[in-house]
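Trainee: Input structure: work-v1.cif, which contains mmCIF, C-alpha atoms.
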```cif
data_protein
loop_
_atom_site.group_PDB
_atom_site.id
_atom_site.type_symbol
_atom_site.label_atom_id
_atom_site.label_comp_id
_atom_site.auth_asym_id
_atom_site.auth_seq_id
_atom_site.Cartn_x
_atom_site.Cartn_y
_atom_site.Cartn_z
ATOM 1 C CA MET A 1 9.119 20.048 -8.504
ATOM 2 C CA GLU A 2 8.423 23.728 -9.094
ATOM 3 C CA GLU A 3 5.662 24.309 -11.638
ATOM 4 C CA ASN A 4 7.599 26.567 -14.047
ATOM 5 C CA LEU A 5 10.646 24.387 -13.847
ATOM 6 C CA GLU A 6 8.517 21.330 -14.510
ATOM 7 C CA ALA A 7 6.953 22.992 -17.572
ATOM 8 C CA GLN A 8 10.479 23.698 -18.883
ATOM 9 C CA TRP A 9 11.524 20.105 -18.314
ATOM 10 C CA VAL A 10 8.424 18.745 -20.034
ATOM 11 C CA ALA A 11 9.092 21.028 -23.002
ATOM 12 C CA GLY A 12 12.698 19.793 -23.003
ATOM 13 C CA LEU A 13 11.610 16.150 -22.838
ATOM 14 C CA ARG A 14 9.286 16.693 -25.789
ATOM 15 C CA ALA A 15 12.162 18.216 -27.735
ATOM 16 C CA GLY A 16 14.382 15.228 -26.877
ATOM 17 C CA ASP A 17 16.742 17.353 -24.772
ATOM 18 C CA SER A 18 19.196 15.162 -22.821
ATOM 19 C CA ASP A 19 19.721 17.713 -20.019
ATOM 20 C CA SER A 20 15.992 17.867 -19.302
ATOM 21 C CA TYR A 21 15.884 14.071 -19.247
ATOM 22 C CA ARG A 22 18.766 13.956 -16.763
ATOM 23 C CA LEU A 23 17.255 16.663 -14.549
ATOM 24 C CA VAL A 24 13.895 14.852 -14.425
ATOM 25 C CA VAL A 25 15.598 11.559 -13.597
ATOM 26 C CA GLU A 26 17.668 13.180 -10.845
ATOM 27 C CA ALA A 27 14.623 14.958 -9.376
ATOM 28 C CA THR A 28 12.307 11.961 -9.343
ATOM 29 C CA ILE A 29 14.319 8.759 -9.069
ATOM 30 C CA GLY A 30 14.544 8.742 -5.241
ATOM 31 C CA LYS A 31 10.790 8.812 -4.790
ATOM 32 C CA LEU A 32 10.133 6.365 -7.640
ATOM 33 C CA LEU A 33 12.632 3.819 -6.355
ATOM 34 C CA ALA A 34 11.181 4.095 -2.823
ATOM 35 C CA VAL A 35 7.721 3.320 -4.242
ATOM 36 C CA ALA A 36 8.993 0.431 -6.412
ATOM 37 C CA ARG A 37 10.751 -1.133 -3.416
ATOM 38 C CA ARG A 38 7.387 -1.460 -1.658
ATOM 39 C CA TYR A 39 6.148 -3.716 -4.448
ATOM 40 C CA LEU A 40 9.240 -5.551 -5.630
ATOM 41 C CA ALA A 41 12.603 -6.927 -4.577
ATOM 42 C CA GLU A 42 15.610 -4.723 -5.331
ATOM 43 C CA ASP A 43 16.543 -5.933 -8.834
ATOM 44 C CA ASP A 44 12.959 -5.907 -10.099
ATOM 45 C CA ALA A 45 12.354 -2.516 -8.475
ATOM 46 C CA CYS A 46 15.363 -1.049 -10.309
ATOM 47 C CA ASP A 47 14.170 -2.583 -13.610
ATOM 48 C CA ALA A 48 10.663 -1.185 -13.090
ATOM 49 C CA VAL A 49 12.078 2.305 -12.468
ATOM 50 C CA GLN A 50 14.277 2.046 -15.548
ATOM 51 C CA ASP A 51 11.309 0.982 -17.692
ATOM 52 C CA THR A 52 9.276 3.866 -16.265
ATOM 53 C CA TYR A 53 11.704 6.406 -17.685
ATOM 54 C CA ILE A 54 11.684 4.659 -21.058
ATOM 55 C CA LYS A 55 7.872 4.837 -21.066
ATOM 56 C CA MET A 56 8.052 8.481 -19.974
ATOM 57 C CA HIS A 57 10.190 9.224 -23.004
ATOM 58 C CA GLU A 58 7.902 7.267 -25.334
ATOM 59 C CA SER A 59 4.674 8.813 -24.101
ATOM 60 C CA ILE A 60 5.632 12.342 -23.004
ATOM 61 C CA ASP A 61 3.498 13.746 -25.841
ATOM 62 C CA ARG A 62 0.456 12.199 -24.161
ATOM 63 C CA PHE A 63 1.257 13.783 -20.787
ATOM 64 C CA ARG A 64 -1.427 16.297 -19.827
ATOM 65 C CA GLU A 65 -0.267 19.030 -17.501
ATOM 66 C CA GLU A 66 -3.411 18.667 -15.352
ATOM 67 C CA ALA A 67 -1.379 16.277 -13.171
ATOM 68 C CA ALA A 68 2.113 16.924 -11.828
ATOM 69 C CA LEU A 69 4.880 15.151 -13.738
ATOM 70 C CA HIS A 70 5.939 13.103 -10.695
ATOM 71 C CA THR A 71 2.302 11.970 -10.149
ATOM 72 C CA TRP A 72 2.095 10.835 -13.771
ATOM 73 C CA LEU A 73 5.464 9.075 -13.489
ATOM 74 C CA GLN A 74 4.402 7.365 -10.276
ATOM 75 C CA ARG A 75 1.299 6.013 -11.969
ATOM 76 C CA ILE A 76 3.378 4.615 -14.845
ATOM 77 C CA LEU A 77 5.698 3.047 -12.282
ATOM 78 C CA VAL A 78 2.865 1.515 -10.235
ATOM 79 C CA ASN A 79 1.496 -0.037 -13.433
ATOM 80 C CA GLU A 80 4.949 -1.445 -14.175
ATOM 81 C CA CYS A 81 5.187 -2.874 -10.659
ATOM 82 C CA LEU A 82 1.703 -4.404 -10.825
ATOM 83 C CA GLN A 83 2.502 -6.058 -14.155
ATOM 84 C CA ARG A 84 5.618 -7.584 -12.658
ATOM 85 C CA LEU A 85 3.718 -8.744 -9.584
ATOM 86 C CA ARG A 86 1.100 -10.409 -11.805
ATOM 87 C CA LYS A 87 3.875 -12.337 -13.543
ATOM 88 C CA GLN A 88 5.101 -13.531 -10.133
ATOM 89 C CA LYS A 89 1.589 -14.624 -9.148
ATOM 90 C CA SER A 90 2.100 -18.173 -10.331
ATOM 91 C CA ARG A 91 4.494 -18.687 -7.396
ATOM 92 C CA LYS A 92 3.049 -20.728 -4.523
ATOM 93 C CA GLU A 93 1.243 -18.451 -2.079
ATOM 94 C CA THR A 94 -0.470 -19.046 1.248
ATOM 95 C CA SER A 95 -4.250 -18.758 0.961
ATOM 96 C CA ILE A 96 -5.690 -15.601 2.535
ATOM 97 C CA GLU A 97 -8.345 -17.768 4.226
ATOM 98 C CA GLU A 98 -5.700 -19.134 6.580
ATOM 99 C CA MET A 99 -4.911 -15.591 7.723
ATOM 100 C CA LEU A 100 -8.486 -14.533 8.551
ATOM 101 C CA PRO A 101 -10.176 -14.767 11.980
ATOM 102 C CA ASP A 102 -12.174 -17.898 12.837
ATOM 103 C CA PHE A 103 -15.842 -17.912 13.841
ATOM 104 C CA LEU A 104 -18.097 -20.510 15.416
ATOM 105 C CA GLU A 105 -21.175 -21.761 13.574
ATOM 106 C CA ASP A 106 -23.353 -19.298 15.486
ATOM 107 C CA GLY A 107 -21.294 -16.384 14.129
ATOM 108 C CA HIS A 108 -19.440 -15.626 17.367
ATOM 109 C CA ARG A 109 -15.696 -15.540 17.747
ATOM 110 C CA ALA A 110 -13.780 -18.782 18.025
ATOM 111 C CA ASN A 111 -11.025 -17.054 20.029
ATOM 112 C CA LEU A 112 -10.851 -14.218 22.526
ATOM 113 C CA GLN A 113 -9.420 -10.990 21.172
ATOM 114 C CA GLU A 114 -6.555 -9.542 23.179
ATOM 115 C CA PRO A 115 -6.459 -5.710 23.047
ATOM 116 C CA TRP A 116 -3.447 -4.097 21.404
ATOM 117 C CA PRO A 117 -1.609 -1.689 23.715
ATOM 118 C CA GLU A 118 -1.586 2.048 23.031
ATOM 119 C CA SER A 119 2.194 1.791 22.703
ATOM 120 C CA TYR A 120 1.756 -0.406 19.571
ATOM 121 C CA GLY A 121 3.468 2.248 17.447
ATOM 122 C CA LYS A 122 6.626 2.002 19.506
ATOM 123 C CA VAL A 123 7.282 -1.735 19.379
ATOM 124 C CA LEU A 124 10.797 -2.442 18.137
ATOM 125 C CA ASN A 125 12.877 0.414 16.800
ATOM 126 C CA ARG A 126 11.532 2.294 13.797
ATOM 127 C CA GLU A 127 13.761 0.577 11.249
ATOM 128 C CA ARG A 128 12.965 -2.923 12.524
ATOM 129 C CA ARG A 129 9.261 -2.086 12.773
ATOM 130 C CA CYS A 130 9.222 -0.903 9.165
ATOM 131 C CA GLU A 131 11.010 -4.102 8.066
ATOM 132 C CA CYS A 132 8.603 -6.188 10.078
ATOM 133 C CA VAL A 133 5.514 -4.587 8.522
ATOM 134 C CA MET A 134 7.030 -5.041 5.063
ATOM 135 C CA GLU A 135 7.936 -8.690 5.717
ATOM 136 C CA ASN A 136 4.397 -9.463 6.853
ATOM 137 C CA LEU A 137 2.835 -7.478 4.036
ATOM 138 C CA ASN A 138 4.909 -9.545 1.620
ATOM 139 C CA GLN A 139 3.349 -12.709 3.050
ATOM 140 C CA LEU A 140 -0.052 -11.687 1.703
ATOM 141 C CA PRO A 141 -1.079 -13.056 -1.680
ATOM 142 C CA VAL A 142 -0.211 -10.559 -4.444
ATOM 143 C CA THR A 143 -3.839 -9.680 -5.222
ATOM 144 C CA TYR A 144 -4.353 -8.589 -1.617
ATOM 145 C CA ARG A 145 -0.960 -6.981 -1.072
ATOM 146 C CA SER A 146 -1.472 -4.794 -4.159
ATOM 147 C CA VAL A 147 -4.704 -3.367 -2.774
ATOM 148 C CA ILE A 148 -3.140 -2.392 0.577
ATOM 149 C CA LEU A 149 -0.209 -0.788 -1.225
ATOM 150 C CA LEU A 150 -2.466 1.199 -3.529
ATOM 151 C CA ARG A 151 -5.181 2.225 -1.051
ATOM 152 C CA ASP A 152 -3.498 2.494 2.345
ATOM 153 C CA ILE A 153 0.024 3.422 1.312
ATOM 154 C CA GLU A 154 -0.018 5.213 -2.053
ATOM 155 C CA GLY A 155 -3.378 6.790 -1.191
ATOM 156 C CA TYR A 156 -5.165 5.999 -4.476
ATOM 157 C CA SER A 157 -8.968 6.214 -4.319
ATOM 158 C CA GLY A 158 -11.213 3.167 -4.665
ATOM 159 C CA GLN A 159 -11.930 4.060 -8.300
ATOM 160 C CA GLU A 160 -8.251 4.674 -9.148
ATOM 161 C CA THR A 161 -7.313 1.351 -7.517
ATOM 162 C CA ALA A 162 -10.080 -0.431 -9.417
ATOM 163 C CA ASP A 163 -8.780 1.081 -12.684
ATOM 164 C CA LEU A 164 -5.159 0.154 -11.946
ATOM 165 C CA LEU A 165 -6.077 -3.436 -11.061
ATOM 166 C CA ASP A 166 -8.828 -3.733 -13.673
ATOM 167 C CA ILE A 167 -11.382 -4.922 -11.111
ATOM 168 C CA SER A 168 -14.633 -3.435 -9.746
ATOM 169 C CA ILE A 169 -14.752 -0.993 -6.820
ATOM 170 C CA ALA A 170 -16.719 -3.626 -4.884
ATOM 171 C CA ALA A 171 -13.886 -6.120 -5.420
ATOM 172 C CA VAL A 172 -11.366 -3.512 -4.234
ATOM 173 C CA LYS A 173 -13.338 -3.085 -1.018
ATOM 174 C CA VAL A 174 -13.594 -6.824 -0.353
ATOM 175 C CA ARG A 175 -9.896 -7.388 -1.051
ATOM 176 C CA LEU A 176 -8.830 -4.387 1.030
ATOM 177 C CA HIS A 177 -10.863 -5.523 4.018
ATOM 178 C CA ARG A 178 -9.567 -9.084 3.827
ATOM 179 C CA ALA A 179 -6.000 -7.884 3.307
ATOM 180 C CA ARG A 180 -6.174 -5.598 6.355
ATOM 181 C CA GLN A 181 -7.626 -8.401 8.470
ATOM 182 C CA ALA A 182 -4.930 -10.829 7.356
ATOM 183 C CA LEU A 183 -2.168 -8.306 7.989
ATOM 184 C CA ARG A 184 -3.665 -7.546 11.423
ATOM 185 C CA GLU A 185 -3.530 -11.268 12.195
ATOM 186 C CA LEU A 186 0.102 -11.512 11.057
ATOM 187 C CA LEU A 187 1.218 -8.433 12.993
ATOM 188 C CA GLU A 188 -0.608 -9.309 16.194
ATOM 189 C CA PRO A 189 2.019 -11.668 17.674
ATOM 190 C CA VAL A 190 4.737 -9.105 16.897
ATOM 191 C CA ILE A 191 2.814 -6.353 18.665
ATOM 192 C CA LEU A 192 1.787 -8.409 21.682
ATOM 193 C CA GLU A 193 5.131 -10.162 22.146
ATOM 194 C CA ASN A 194 7.210 -6.998 21.888
ATOM 195 C CA THR A 195 5.136 -4.758 24.115
ATOM 196 C CA VAL A 196 6.122 -6.149 27.499
ATOM 197 C CA ASP A 197 9.356 -4.192 27.725
ATOM 198 C CA LEU A 198 7.842 -0.813 26.848
ATOM 199 C CA MET B 1 -25.561 -8.735 15.166
ATOM 200 C CA THR B 2 -22.990 -11.525 15.494
ATOM 201 C CA CYS B 3 -19.206 -11.063 15.606
ATOM 202 C CA ASN B 4 -18.999 -12.412 12.053
ATOM 203 C CA GLU B 5 -21.507 -9.824 10.801
ATOM 204 C CA PHE B 6 -19.660 -7.159 12.786
ATOM 205 C CA ILE B 7 -16.506 -7.944 10.807
ATOM 206 C CA ASP B 8 -18.448 -7.775 7.527
ATOM 207 C CA PHE B 9 -19.613 -4.246 8.301
ATOM 208 C CA LEU B 10 -16.370 -3.073 9.874
ATOM 209 C CA ILE B 11 -14.809 -1.536 6.747
ATOM 210 C CA ASP B 12 -17.942 0.507 6.052
ATOM 211 C CA TYR B 13 -18.025 1.647 9.662
ATOM 212 C CA TYR B 14 -14.342 2.591 9.510
ATOM 213 C CA GLU B 15 -14.893 4.553 6.291
ATOM 214 C CA GLY B 16 -18.084 6.180 7.588
ATOM 215 C CA ASN B 17 -20.272 4.477 4.980
ATOM 216 C CA LEU B 18 -22.737 2.607 7.213
ATOM 217 C CA SER B 19 -26.410 3.545 7.118
ATOM 218 C CA GLU B 20 -27.784 4.980 10.335
ATOM 219 C CA GLU B 21 -29.644 1.763 11.152
ATOM 220 C CA ARG B 22 -26.592 -0.452 10.524
ATOM 221 C CA ARG B 23 -24.391 1.893 12.509
ATOM 222 C CA ARG B 24 -26.795 1.639 15.440
ATOM 223 C CA LEU B 25 -26.669 -2.176 15.317
ATOM 224 C CA PHE B 26 -22.900 -2.079 14.945
ATOM 225 C CA GLU B 27 -22.483 0.176 17.979
ATOM 226 C CA GLU B 28 -25.003 -1.868 19.960
ATOM 227 C CA HIS B 29 -22.844 -4.930 19.339
ATOM 228 C CA MET B 30 -19.767 -3.031 20.545
ATOM 229 C CA GLY B 31 -21.655 -2.278 23.743
ATOM 230 C CA VAL B 32 -21.877 -5.973 24.576
ATOM 231 C CA CYS B 33 -18.781 -7.452 22.913
ATOM 232 C CA PRO B 34 -15.373 -6.292 24.200
ATOM 233 C CA ASP B 35 -13.661 -8.712 21.774
ATOM 234 C CA CYS B 36 -15.107 -6.876 18.788
ATOM 235 C CA VAL B 37 -14.191 -3.513 20.328
ATOM 236 C CA ALA B 38 -10.608 -4.782 20.666
ATOM 237 C CA TYR B 39 -10.727 -6.126 17.099
ATOM 238 C CA LEU B 40 -11.882 -2.804 15.627
ATOM 239 C CA ASP B 41 -9.173 -1.008 17.597
ATOM 240 C CA SER B 42 -6.441 -3.356 16.350
ATOM 241 C CA TYR B 43 -7.791 -3.086 12.765
ATOM 242 C CA LYS B 44 -7.360 0.700 12.921
ATOM 243 C CA LYS B 45 -3.925 0.318 14.523
ATOM 244 C CA THR B 46 -2.852 -2.051 11.736
ATOM 245 C CA ILE B 47 -3.641 0.625 9.140
ATOM 246 C CA ASN B 48 -1.834 3.273 11.193
ATOM 247 C CA LEU B 49 1.163 1.005 11.598
ATOM 248 C CA VAL B 50 1.398 0.326 7.870
ATOM 249 C CA GLN B 51 1.115 4.001 6.980
ATOM 250 C CA GLU B 52 3.568 5.120 9.647
ATOM 251 C CA SER B 53 6.098 2.433 8.808
ATOM 252 C CA MET B 54 5.942 3.063 5.074
ATOM 253 C CA ALA B 55 6.416 6.811 5.506
ATOM 254 C CA ASN B 56 10.077 6.009 5.980
ATOM 255 C CA PRO B 57 11.992 9.304 6.201
ATOM 256 C CA ASN B 58 15.126 7.626 4.821
ATOM 257 C CA ALA B 59 13.404 6.000 1.864
ATOM 258 C CA GLU B 60 13.839 8.847 -0.582
ATOM 259 C CA LEU B 61 17.376 9.926 0.090
ATOM 260 C CA ASP B 62 19.384 10.223 -3.077
ATOM 261 C CA ASP B 63 22.233 8.219 -1.576
ATOM 262 C CA ASP B 64 19.784 5.337 -1.339
ATOM 263 C CA VAL B 65 19.626 5.243 -5.132
ATOM 264 C CA PRO B 66 22.386 3.100 -6.661
ATOM 265 C CA HIS B 67 24.639 5.293 -8.795
ATOM 266 C CA GLU B 68 24.790 2.497 -11.397
ATOM 267 C CA LEU B 69 21.011 2.656 -11.786
ATOM 268 C CA VAL B 70 21.088 6.388 -12.519
ATOM 269 C CA MET B 71 23.910 5.880 -15.016
ATOM 270 C CA ALA B 72 22.070 2.982 -16.689
ATOM 271 C CA ILE B 73 18.888 5.039 -17.022
ATOM 272 C CA LEU B 74 20.732 8.023 -18.479
ATOM 273 C CA ALA B 75 22.695 5.794 -20.847
ATOM 274 C CA ALA B 76 19.505 4.056 -21.988
ATOM 275 C CA LYS B 77 17.745 7.297 -22.926
ATOM 276 C CA PRO B 78 16.169 6.677 -26.315
ATOM 277 C CA LYS B 79 17.521 9.002 -29.033
#
```
Before we go any further, please render this structure as structure tokens.
Mentor:
Amino acid sequence: MEENLEAQWVAGLRAGDSDSYRLVVEATIGKLLAVARRYLAEDDACDAVQDTYIKMHESIDRFREEAALHTWLQRILVNECLQRLRKQKSRKETSIEEMLPDFLEDGHRANLQEPWPESYGKVLNRERRCECVMENLNQLPVTYRSVILLRDIEGYSGQETADLLDISIAAVKVRLHRARQALRELLEPVILENTVDL
Amino acid sequence: MTCNEFIDFLIDYYEGNLSEERRRLFEEHMGVCPDCVAYLDSYKKTINLVQESMANPNAELDDDVPHELVMAILAAKPK
């Protein structure tokens, strides 16, 4: 969004102008829906995006132009998505412990570690690879999946992630590390089994 | 350093937050443990894979947004 144009739209939103509202929706909805789809299934993602624009309208007077409008909107959306994920948390989830590497009593590895090939980024075609990463990410418990989404995908800092999840930075670090390890474990068979033909 | 301790320090090593002494121990362990070298490598590749896969060039195309959703959002604009 161009800065001057954005300032005009924000002024329009504050004045309740329907055209400005439509232009902002049209300019931002693609990105917002793409983000929401990382957190939620289609129907919930659409609802979260819809609620984001309602909240934008309700709180536009509190928007400070220090951040870009789309950054502010994305943060509202991520909060919406996290709230919805928390509500889903009561669903039965696999424990993260089962997805972490095993060690012997003396602290050494219980299993040998097979190296991943350098062609790991070319396993499957791009679309299938993306689906596969998403499917495995979705197998992580919500508290861990959220941290990977926020830190490794959305690019929020440790402090921003801690604020969004209302946990300490230390807890963010622990969860992120465990989540990455678990996801590594889940992706490993896909990488190793699909490399032979490359 | 054991493999278990190696894993504990891995995130700090990856993010460049290990003290000099810990980094020395960490790298010493890598010198004698090819399994941990392979583990660190696959840990980094996991992060790369997630970031590369999620940067889906088709994910933000307007035709990927249901028209009904846009209409519902515009219709629901508070007065």
Trainee: Using only C-alpha atoms, which residues of region 9-75 of chain B come within 8 Å of region 97-121 of chain A, and what is the closest atom pair for each, with the distance in Å to one decimal? Give it as CSV, sorted by chain and residue number.
Mentor:
```
residue,atom,partner,partner_atom,distance
B:Asp35,CA,A:Gln113,CA,4.9
B:Cys36,CA,A:Gln113,CA,7.4
B:Ala38,CA,A:Pro115,CA,4.9
B:Tyr39,CA,A:Gln113,CA,6.5
B:Asp41,CA,A:Trp116,CA,7.5
B:Ser42,CA,A:Trp116,CA,5.9
B:Lys45,CA,A:Tyr120,CA,7.6
B:Leu49,CA,A:Gly121,CA,6.4
```
Trainee: Residues of chain B that approach chain A to 7 Å or less, counting all atoms listed in the file: could you list each one with the shortest pair of atoms and its distance in Å to one decimal, rows by chain and increasing residue number, as a tab-separated table?
Mentor:
```
residue	atom	partner	partner_atom	distance
B:Thr2	CA	A:Gly107	CA	5.3
B:Cys3	CA	A:His108	CA	4.9
B:Asn4	CA	A:Gly107	CA	5.0
B:Ile11	CA	A:His177	CA	6.2
B:Asp35	CA	A:Gln113	CA	4.9
B:Ala38	CA	A:Pro115	CA	4.9
B:Tyr39	CA	A:Gln113	CA	6.5
B:Ser42	CA	A:Trp116	CA	5.9
B:Tyr43	CA	A:Arg184	CA	6.2
B:Thr46	CA	A:Arg184	CA	5.6
B:Leu49	CA	A:Gly121	CA	6.4
B:Val50	CA	A:Val133	CA	6.4
B:Gln51	CA	A:Ile153	CA	5.8
B:Ser53	CA	A:Cys130	CA	4.6
B:Met54	CA	A:Cys130	CA	6.6
B:Ala59	CA	A:Ala34	CA	5.5
B:Glu60	CA	A:Gly30	CA	4.7
B:Leu61	CA	A:Gly30	CA	6.2
B:Asp62	CA	A:Gly30	CA	5.5
B:Val65	CA	A:Gly30	CA	6.2
B:Leu69	CA	A:Cys46	CA	6.9
B:Ile73	CA	A:Gln50	CA	5.7
B:Leu74	CA	A:Arg22	CA	6.5
B:Lys77	CA	A:Ile54	CA	6.9
```
Trainee: Let me have the centre and edge lengths in Å, one decimal, of the box along x, y and z around every listed atom of region 64-79 of chain B with 5 Å of margin on each side, as AutoDock Vina command-line options.
Mentor:
```
--center_x 20.5 --center_y 5.7 --center_z -15.2 --size_x 18.6 --size_y 16.5 --size_z 37.7
```
Trainee: Take CA of Ser157 (chain A) and CA of Leu77 (chain A) and report the distance between them in Å, one decimal.
Mentor: 17.0 Å
Trainee: Report as a PDB file with C-alpha atoms, keeping the file's coordinate frame the residues that result from applying the PyMOL selection byres ((chain A and resi 64-66) around 10) to the structure here.
Mentor:
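Result file follows (selection_32.pdb):
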```
ATOM      1  CA  GLU A   3       5.662  24.309 -11.638  1.00  0.00           C
ATOM      2  CA  GLU A   6       8.517  21.330 -14.510  1.00  0.00           C
ATOM      3  CA  ALA A   7       6.953  22.992 -17.572  1.00  0.00           C
ATOM      4  CA  VAL A  10       8.424  18.745 -20.034  1.00  0.00           C
ATOM      5  CA  ILE A  60       5.632  12.342 -23.004  1.00  0.00           C
ATOM      6  CA  ASP A  61       3.498  13.746 -25.841  1.00  0.00           C
ATOM      7  CA  ARG A  62       0.456  12.199 -24.161  1.00  0.00           C
ATOM      8  CA  PHE A  63       1.257  13.783 -20.787  1.00  0.00           C
ATOM      9  CA  ALA A  67      -1.379  16.277 -13.171  1.00  0.00           C
ATOM     10  CA  ALA A  68       2.113  16.924 -11.828  1.00  0.00           C
ATOM     11  CA  LEU A  69       4.880  15.151 -13.738  1.00  0.00           C
ATOM     12  CA  TRP A  72       2.095  10.835 -13.771  1.00  0.00           C
TER      13      TRP A  72
END
```
Trainee: In Å, rounded to a single decimal, give me how far CA of Arg86 (chain A) is from CA of Pro189 (chain A).
Mentor: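 A separation of 29.5 Å between them.
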Trainee: Hey, can you check how far CA of Pro66 (chain B) sits from CA of Asp43 (chain A)?
Mentor: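 Atom-to-atom, CA of Pro66 (chain B) to CA of Asp43 (chain A), that is 11.0 Å.
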Trainee: For Leu85 (chain A), which residue out of A:Ala170, A:His70, A:Ala41, A:Val142 is the nearest one, using all atoms listed in the file?
Mentor: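 Counting all atoms listed in the file, the residue closest to Leu85 (chain A) is A:Val142.
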Trainee: For the structure shown, which residues end up in the PyMOL selection byres ((chain B and resi 19-27) around 9)? Put them as an NGL selection string, please?
Mentor: :B and (1 or 5-6 or 9-10 or 13 or 16-18 or 28-31)
Trainee: Counting all atoms listed in the file, which of A:Ala11, A:Met56, A:Val147, A:Val123 gets nearest to Ile169 (chain A)?
Mentor: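 Once distances to Ile169 (chain A) are computed over all atoms listed in the file, the minimum belongs to A:Val147.
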Trainee: Rebuild N, CA, C and O atoms on region 111-123 of chain A, as a PDB file, keeping the file's coordinate frame?
Mentor:
```pdb
ATOM      1  N   ASN A 111     -12.094 -17.356  19.069  1.00  0.00           N
ATOM      2  CA  ASN A 111     -11.025 -17.054  20.029  1.00  0.00           C
ATOM      3  C   ASN A 111     -11.244 -15.683  20.655  1.00  0.00           C
ATOM      4  O   ASN A 111     -11.799 -14.788  20.011  1.00  0.00           O
ATOM      5  N   LEU A 112     -10.768 -15.530  21.877  1.00  0.00           N
ATOM      6  CA  LEU A 112     -10.851 -14.218  22.526  1.00  0.00           C
ATOM      7  C   LEU A 112      -9.893 -13.261  21.829  1.00  0.00           C
ATOM      8  O   LEU A 112      -8.845 -13.665  21.317  1.00  0.00           O
ATOM      9  N   GLN A 113     -10.252 -11.990  21.832  1.00  0.00           N
ATOM     10  CA  GLN A 113      -9.420 -10.990  21.172  1.00  0.00           C
ATOM     11  C   GLN A 113      -8.669 -10.170  22.218  1.00  0.00           C
ATOM     12  O   GLN A 113      -9.283  -9.455  23.000  1.00  0.00           O
ATOM     13  N   GLU A 114      -7.348 -10.308  22.213  1.00  0.00           N
ATOM     14  CA  GLU A 114      -6.555  -9.542  23.179  1.00  0.00           C
ATOM     15  C   GLU A 114      -6.367  -8.104  22.671  1.00  0.00           C
ATOM     16  O   GLU A 114      -5.998  -7.915  21.503  1.00  0.00           O
ATOM     17  N   PRO A 115      -6.632  -7.094  23.519  1.00  0.00           N
ATOM     18  CA  PRO A 115      -6.459  -5.710  23.047  1.00  0.00           C
ATOM     19  C   PRO A 115      -4.997  -5.397  22.728  1.00  0.00           C
ATOM     20  O   PRO A 115      -4.105  -5.904  23.398  1.00  0.00           O
ATOM     21  N   TRP A 116      -4.796  -4.570  21.706  1.00  0.00           N
ATOM     22  CA  TRP A 116      -3.447  -4.097  21.404  1.00  0.00           C
ATOM     23  C   TRP A 116      -3.152  -2.905  22.314  1.00  0.00           C
ATOM     24  O   TRP A 116      -4.016  -2.057  22.527  1.00  0.00           O
ATOM     25  N   PRO A 117      -1.933  -2.810  22.816  1.00  0.00           N
ATOM     26  CA  PRO A 117      -1.609  -1.689  23.715  1.00  0.00           C
ATOM     27  C   PRO A 117      -1.534  -0.368  22.955  1.00  0.00           C
ATOM     28  O   PRO A 117      -1.315  -0.356  21.736  1.00  0.00           O
ATOM     29  N   GLU A 118      -1.692   0.726  23.674  1.00  0.00           N
ATOM     30  CA  GLU A 118      -1.586   2.048  23.031  1.00  0.00           C
ATOM     31  C   GLU A 118      -0.159   2.324  22.552  1.00  0.00           C
ATOM     32  O   GLU A 118       0.055   3.159  21.688  1.00  0.00           O
ATOM     33  N   SER A 119       0.795   1.595  23.117  1.00  0.00           N
ATOM     34  CA  SER A 119       2.194   1.791  22.703  1.00  0.00           C
ATOM     35  C   SER A 119       2.547   0.947  21.480  1.00  0.00           C
ATOM     36  O   SER A 119       3.717   0.747  21.182  1.00  0.00           O
ATOM     37  N   TYR A 120       1.516   0.481  20.737  1.00  0.00           N
ATOM     38  CA  TYR A 120       1.756  -0.406  19.571  1.00  0.00           C
ATOM     39  C   TYR A 120       2.690   0.234  18.541  1.00  0.00           C
ATOM     40  O   TYR A 120       3.422  -0.457  17.838  1.00  0.00           O
ATOM     41  N   GLY A 121       2.654   1.556  18.452  1.00  0.00           N
ATOM     42  CA  GLY A 121       3.468   2.248  17.447  1.00  0.00           C
ATOM     43  C   GLY A 121       4.911   2.418  17.867  1.00  0.00           C
ATOM     44  O   GLY A 121       5.706   3.028  17.153  1.00  0.00           O
ATOM     45  N   LYS A 122       5.244   1.849  19.032  1.00  0.00           N
ATOM     46  CA  LYS A 122       6.626   2.002  19.506  1.00  0.00           C
ATOM     47  C   LYS A 122       7.311   0.651  19.670  1.00  0.00           C
ATOM     48  O   LYS A 122       8.414   0.586  20.212  1.00  0.00           O
ATOM     49  N   VAL A 123       6.625  -0.426  19.251  1.00  0.00           N
ATOM     50  CA  VAL A 123       7.282  -1.735  19.379  1.00  0.00           C
ATOM     51  C   VAL A 123       8.475  -1.784  18.427  1.00  0.00           C
ATOM     52  O   VAL A 123       8.405  -1.267  17.312  1.00  0.00           O
TER      53      VAL A 123
END
```
